[in-house]
Each structure stands twice: as C-alpha cells, then as structure tokens.
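J.: I have a structure I would like to understand better, so I am pasting it below and will then ask my questions one at a time.
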Amino acid sequence: MEVRHGDLLDPHPDITALFCYYNALYFQGKLGACSVQWSSKRMTLCAGICKYSFCGGCEIRLSEPLLKYRSVSDLKNTLLHEMIHAFLFLDNGNKDHDDHGQYFLAKMKEINVSSLQDFERPVEGYNITVYHNFKDEVNNYRVHHWTCQSCGNLVKRAMNRAPSPADCTFKAGSTGTCSHPRCLWHTHETTCGGSYLKTAEPPGYKDKRKKRKEEGRKIPQNCWKSLWDAIEELEHQRLSQRSKRLKEHKRYRFNCG
C-alpha cells in the first residue's frame, strides 16, 4: 500500500486524543457523553460502530483488525463518520445506526469541505463517506465458507457459524416474513430454500478446535493437589472457628452461673 504523506506525521495516533480534538473542533464539544475505544479482534465486518446506551450515552468502537491495514487518513475518516452518528444521537435523539439521511449527509459535507484550521487534517483532506470500501480487508477474515447444495450460493463468514434465520436483516426469524432485498437469508429461502454445507475453513481449524476442547476437559494433576489443599484449609478454618465458638459459649455459661 502506498504511504501517504499525511500518515508520516503521526503513524499511530491516539484515538482518544483525536476524538477530543474533533469533538471540540467540529461538534461544539457536544460529545461529552460518548467514549471511543478499539474493538476486539472479532469485529471484522465493519470499520466502526457507534453503540447507543439506554442511559443516554454512547460508545464508538473502531475495528482494530480492519483499520490496522489502512492508512491514518482512513482511520480519521472512520472516526469522524461514527462521531457524526454519535452527534445525531446525543443532539437529536436519532437512534438509527443505518440512518445516513439529510442530517448525516449535511454534517459529513460540512466536515469534508471545512476551511477551519485543522492540524489533524490529512494532506488530501477528509473524505468521509456513507459506506467504507474495505472489501479486501473484510474478505481476508472471511475464512469459513458455506455453499448451498441446490443453487451453489456461497456464504463467507469470519466466524464458524452456518447461515440461519438469525441472519435476517430485520430479525424476523424462521417463522416471520421479510421481503427486504438486502436480507440474504429470506431472499435465498424464497428463491431456493436449499441447505448449506460447509466447504472451506482455515487449515488445521478442526484440529485446533479439538485441542481446545480436550484442554478444557483435562485438569492438570497439580490442580488436584491444589484443590485438596484448599479444601483441607477451609475445613481446618471451619473446625477452628467452631472450637472457638464452643469455648466462648462455655466461658459465657460459667460466668453466668
């Protein structure tokens, strides 16, 4: 990947410091009830997400697996994208994560064409978009493949989970109906209805999974010794406390008598 000039200024920016800087510059400091952090290694489908809390706050998570392959400019654009969602939620009460309507587009354009003095602005400027184009990075993690035995439809996943009604876009499940064109599960059920069979997975995946199960069942011999030692110690403490209570009870009866 070609290294951009702006990335050389700070190749590993502090996302919390960036968040605070952008909050003051572009969002009038209104994101005080929002926090930002890196995601776990399992967040491989989207570059960022803004999670809304019932308490009124929100949390931005940036995908460490995806963004570690991208430039700092992409990181900043992704962070600003999620900060716009946070702004719309905290300032306007918009809870729709997929809403990229007129208010989102207006704020996005405002930042992209802003002439404010911005020391974090990349050399090529900001290019906040509605959807990211990190398809190569996303596909890099989709190593579990399922193929429909009837129509040959291929489904790739980052996790070992077969296609199921849980994949419905609107969570209609197996008994509900969903006609949304983006719902891949119900679209396939309507047009084909065939069953899926796993056709590819990472080399050695089954061996690793079997090893993890065996390690989970196996208890090392030294653990048994530690367990019995702990049980004996607890029993000793219990007997000591019981003996102490009996002595105190006898002393009390003697004094009262």
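In the structure tokens, chains take the letters A, B, ... in the order shown, each chain's residues start at 1, and ligands count up from 1 in the order shown.
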Would you list the contacts of Phe54 (chain A) as an mmCIF file with C-alpha atoms, in the first residue's frame, taking every protein, DNA or RNA residue within 12 Å and counting only C-alpha atoms, but skipping same-chain residues closer than 3 positions in sequence?
T.:
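Generated output (result_38.cif):
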```cif
data_model
loop_
_atom_site.group_PDB
_atom_site.id
_atom_site.type_symbol
_atom_site.label_atom_id
_atom_site.label_comp_id
_atom_site.auth_asym_id
_atom_site.auth_seq_id
_atom_site.Cartn_x
_atom_site.Cartn_y
_atom_site.Cartn_z
ATOM 1 C CA LYS A 51 -23.368 1.830 20.258
ATOM 2 C CA GLY A 57 -24.616 7.936 26.354
ATOM 3 C CA CYS A 58 -22.893 6.120 23.510
ATOM 4 C CA GLU A 59 -19.645 4.354 22.697
ATOM 5 C CA PHE A 89 -27.942 10.582 18.697
ATOM 6 C CA LEU A 90 -26.850 12.907 21.511
ATOM 7 C CA GLY A 93 -32.043 11.633 19.647
ATOM 8 C CA LYS A 95 -31.107 6.012 17.356
#
```
J.: Mind pulling up the distance from CA of Tyr52 (chain A) to CA of Asp118 (chain A)?
T.: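 These atoms are spaced 28.1 Å apart.
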J.: One number please: CA of Asn127 (chain A) to CA of His85 (chain A), in Å, one decimal.
T.: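 Separating CA of Asn127 (chain A) from CA of His85 (chain A) is a distance of 16.0 Å.
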J.: Kindly give the distance, in Å, that separates CA of Ser63 (chain A) and CA of Asp96 (chain A), rounded to a single decimal.
T.: 19.9 Å
J.: Write out as a list in words the set of residues from region 10-116 of chain A that DSSP, computed on the backbone, places in strand (DSSP E or B).
T.: Cys34, Ser35, Val36, Gln37, Trp38, Gly48, Ile49, Cys50, Lys51, Tyr52, Cys58, Glu59, Ile60, Arg61 and Leu62 of chain A
J.: May I have the residues from that selection written out with all heavy atoms, as a compact mmCIF listing (two decimals), in the first residue's frame?
T.:
```
# COMPACT_ATOMS: atom_id res chain seq x y z
N CYS A 34 -19.99 10.54 25.15
CA CYS A 34 -19.55 9.49 24.22
C CYS A 34 -18.10 9.15 24.51
O CYS A 34 -17.31 10.01 24.90
CB CYS A 34 -19.72 9.95 22.78
SG CYS A 34 -19.24 8.72 21.54
N SER A 35 -17.74 7.89 24.33
CA SER A 35 -16.36 7.44 24.50
C SER A 35 -15.92 6.71 23.24
O SER A 35 -16.74 6.34 22.40
CB SER A 35 -16.23 6.52 25.72
OG SER A 35 -17.02 5.35 25.54
N VAL A 36 -14.62 6.46 23.12
CA VAL A 36 -14.08 5.77 21.95
C VAL A 36 -13.04 4.76 22.40
O VAL A 36 -12.29 5.01 23.35
CB VAL A 36 -13.47 6.77 20.94
CG1 VAL A 36 -12.30 7.53 21.57
CG2 VAL A 36 -13.02 6.05 19.67
N GLN A 37 -13.03 3.61 21.75
CA GLN A 37 -12.04 2.59 22.05
C GLN A 37 -11.86 1.66 20.85
O GLN A 37 -12.69 1.64 19.95
CB GLN A 37 -12.44 1.79 23.28
CG GLN A 37 -13.69 0.93 23.09
CD GLN A 37 -14.01 0.10 24.31
OE1 GLN A 37 -13.48 0.29 25.39
NE2 GLN A 37 -14.91 -0.85 24.16
N TRP A 38 -10.78 0.90 20.87
CA TRP A 38 -10.55 -0.11 19.83
C TRP A 38 -11.44 -1.31 20.11
O TRP A 38 -11.75 -1.62 21.26
CB TRP A 38 -9.10 -0.55 19.80
CG TRP A 38 -8.15 0.47 19.25
CD1 TRP A 38 -7.25 1.21 19.93
CD2 TRP A 38 -8.03 0.85 17.86
NE1 TRP A 38 -6.57 2.04 19.07
CE2 TRP A 38 -7.02 1.84 17.80
CE3 TRP A 38 -8.67 0.45 16.69
CZ2 TRP A 38 -6.65 2.44 16.60
CZ3 TRP A 38 -8.30 1.05 15.50
CH2 TRP A 38 -7.31 2.02 15.46
N GLY A 48 -16.18 0.59 11.87
CA GLY A 48 -16.52 1.28 13.11
C GLY A 48 -17.99 1.13 13.41
O GLY A 48 -18.80 0.83 12.53
N ILE A 49 -18.33 1.34 14.68
CA ILE A 49 -19.73 1.27 15.09
C ILE A 49 -19.94 2.21 16.27
O ILE A 49 -19.03 2.42 17.08
CB ILE A 49 -20.13 -0.18 15.48
CG1 ILE A 49 -21.63 -0.28 15.73
CG2 ILE A 49 -19.35 -0.63 16.70
CD1 ILE A 49 -22.11 -1.70 15.96
N CYS A 50 -21.14 2.77 16.35
CA CYS A 50 -21.50 3.64 17.47
C CYS A 50 -22.64 2.97 18.22
O CYS A 50 -23.73 2.79 17.68
CB CYS A 50 -21.92 5.03 16.99
SG CYS A 50 -22.24 6.20 18.31
N LYS A 51 -22.38 2.54 19.45
CA LYS A 51 -23.37 1.83 20.26
C LYS A 51 -24.06 2.81 21.18
O LYS A 51 -23.41 3.56 21.92
CB LYS A 51 -22.69 0.72 21.06
CG LYS A 51 -21.97 -0.32 20.22
CD LYS A 51 -21.45 -1.45 21.06
CE LYS A 51 -22.57 -2.26 21.65
NZ LYS A 51 -22.07 -3.44 22.42
N TYR A 52 -25.40 2.79 21.15
CA TYR A 52 -26.18 3.71 21.96
C TYR A 52 -26.62 3.04 23.26
O TYR A 52 -27.00 1.87 23.27
CB TYR A 52 -27.42 4.18 21.19
CG TYR A 52 -27.12 4.73 19.82
CD1 TYR A 52 -27.94 4.44 18.72
CD2 TYR A 52 -26.00 5.53 19.59
CE1 TYR A 52 -27.66 4.95 17.47
CE2 TYR A 52 -25.71 6.04 18.34
CZ TYR A 52 -26.54 5.74 17.28
OH TYR A 52 -26.25 6.24 16.04
N CYS A 58 -23.21 7.01 24.62
CA CYS A 58 -22.89 6.12 23.51
C CYS A 58 -21.39 5.82 23.51
O CYS A 58 -20.61 6.50 24.17
CB CYS A 58 -23.34 6.71 22.17
SG CYS A 58 -22.63 8.31 21.78
N GLU A 59 -21.03 4.80 22.75
CA GLU A 59 -19.65 4.35 22.70
C GLU A 59 -19.26 4.04 21.26
O GLU A 59 -19.97 3.30 20.57
CB GLU A 59 -19.46 3.11 23.56
CG GLU A 59 -18.06 2.55 23.54
CD GLU A 59 -17.96 1.24 24.30
OE1 GLU A 59 -18.46 0.20 23.78
OE2 GLU A 59 -17.41 1.25 25.40
N ILE A 60 -18.15 4.60 20.81
CA ILE A 60 -17.64 4.34 19.47
C ILE A 60 -16.57 3.26 19.56
O ILE A 60 -15.66 3.36 20.40
CB ILE A 60 -17.05 5.62 18.84
CG1 ILE A 60 -18.16 6.64 18.56
CG2 ILE A 60 -16.31 5.29 17.54
CD1 ILE A 60 -17.64 7.97 18.06
N ARG A 61 -16.69 2.26 18.72
CA ARG A 61 -15.66 1.22 18.64
C ARG A 61 -15.10 1.18 17.22
O ARG A 61 -15.86 1.08 16.26
CB ARG A 61 -16.25 -0.14 19.02
CG ARG A 61 -16.65 -0.24 20.48
CD ARG A 61 -17.09 -1.63 20.85
NE ARG A 61 -17.55 -1.70 22.23
CZ ARG A 61 -18.00 -2.81 22.81
NH1 ARG A 61 -18.04 -3.94 22.11
NH2 ARG A 61 -18.38 -2.80 24.07
N LEU A 62 -13.80 1.25 17.12
CA LEU A 62 -13.12 1.20 15.84
C LEU A 62 -12.50 -0.18 15.66
O LEU A 62 -11.87 -0.71 16.57
CB LEU A 62 -12.04 2.28 15.76
CG LEU A 62 -12.52 3.73 15.93
CD1 LEU A 62 -11.34 4.68 15.90
CD2 LEU A 62 -13.52 4.09 14.83
```
J.: Of the candidates A:Met159, A:Val123, A:Met108, A:Val130, which one gets nearest to Met43 (chain A) if we count only C-alpha atoms?
T.: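 When distances to Met43 (chain A) are compared using only C-alpha atoms, the smallest one comes from A:Met159.
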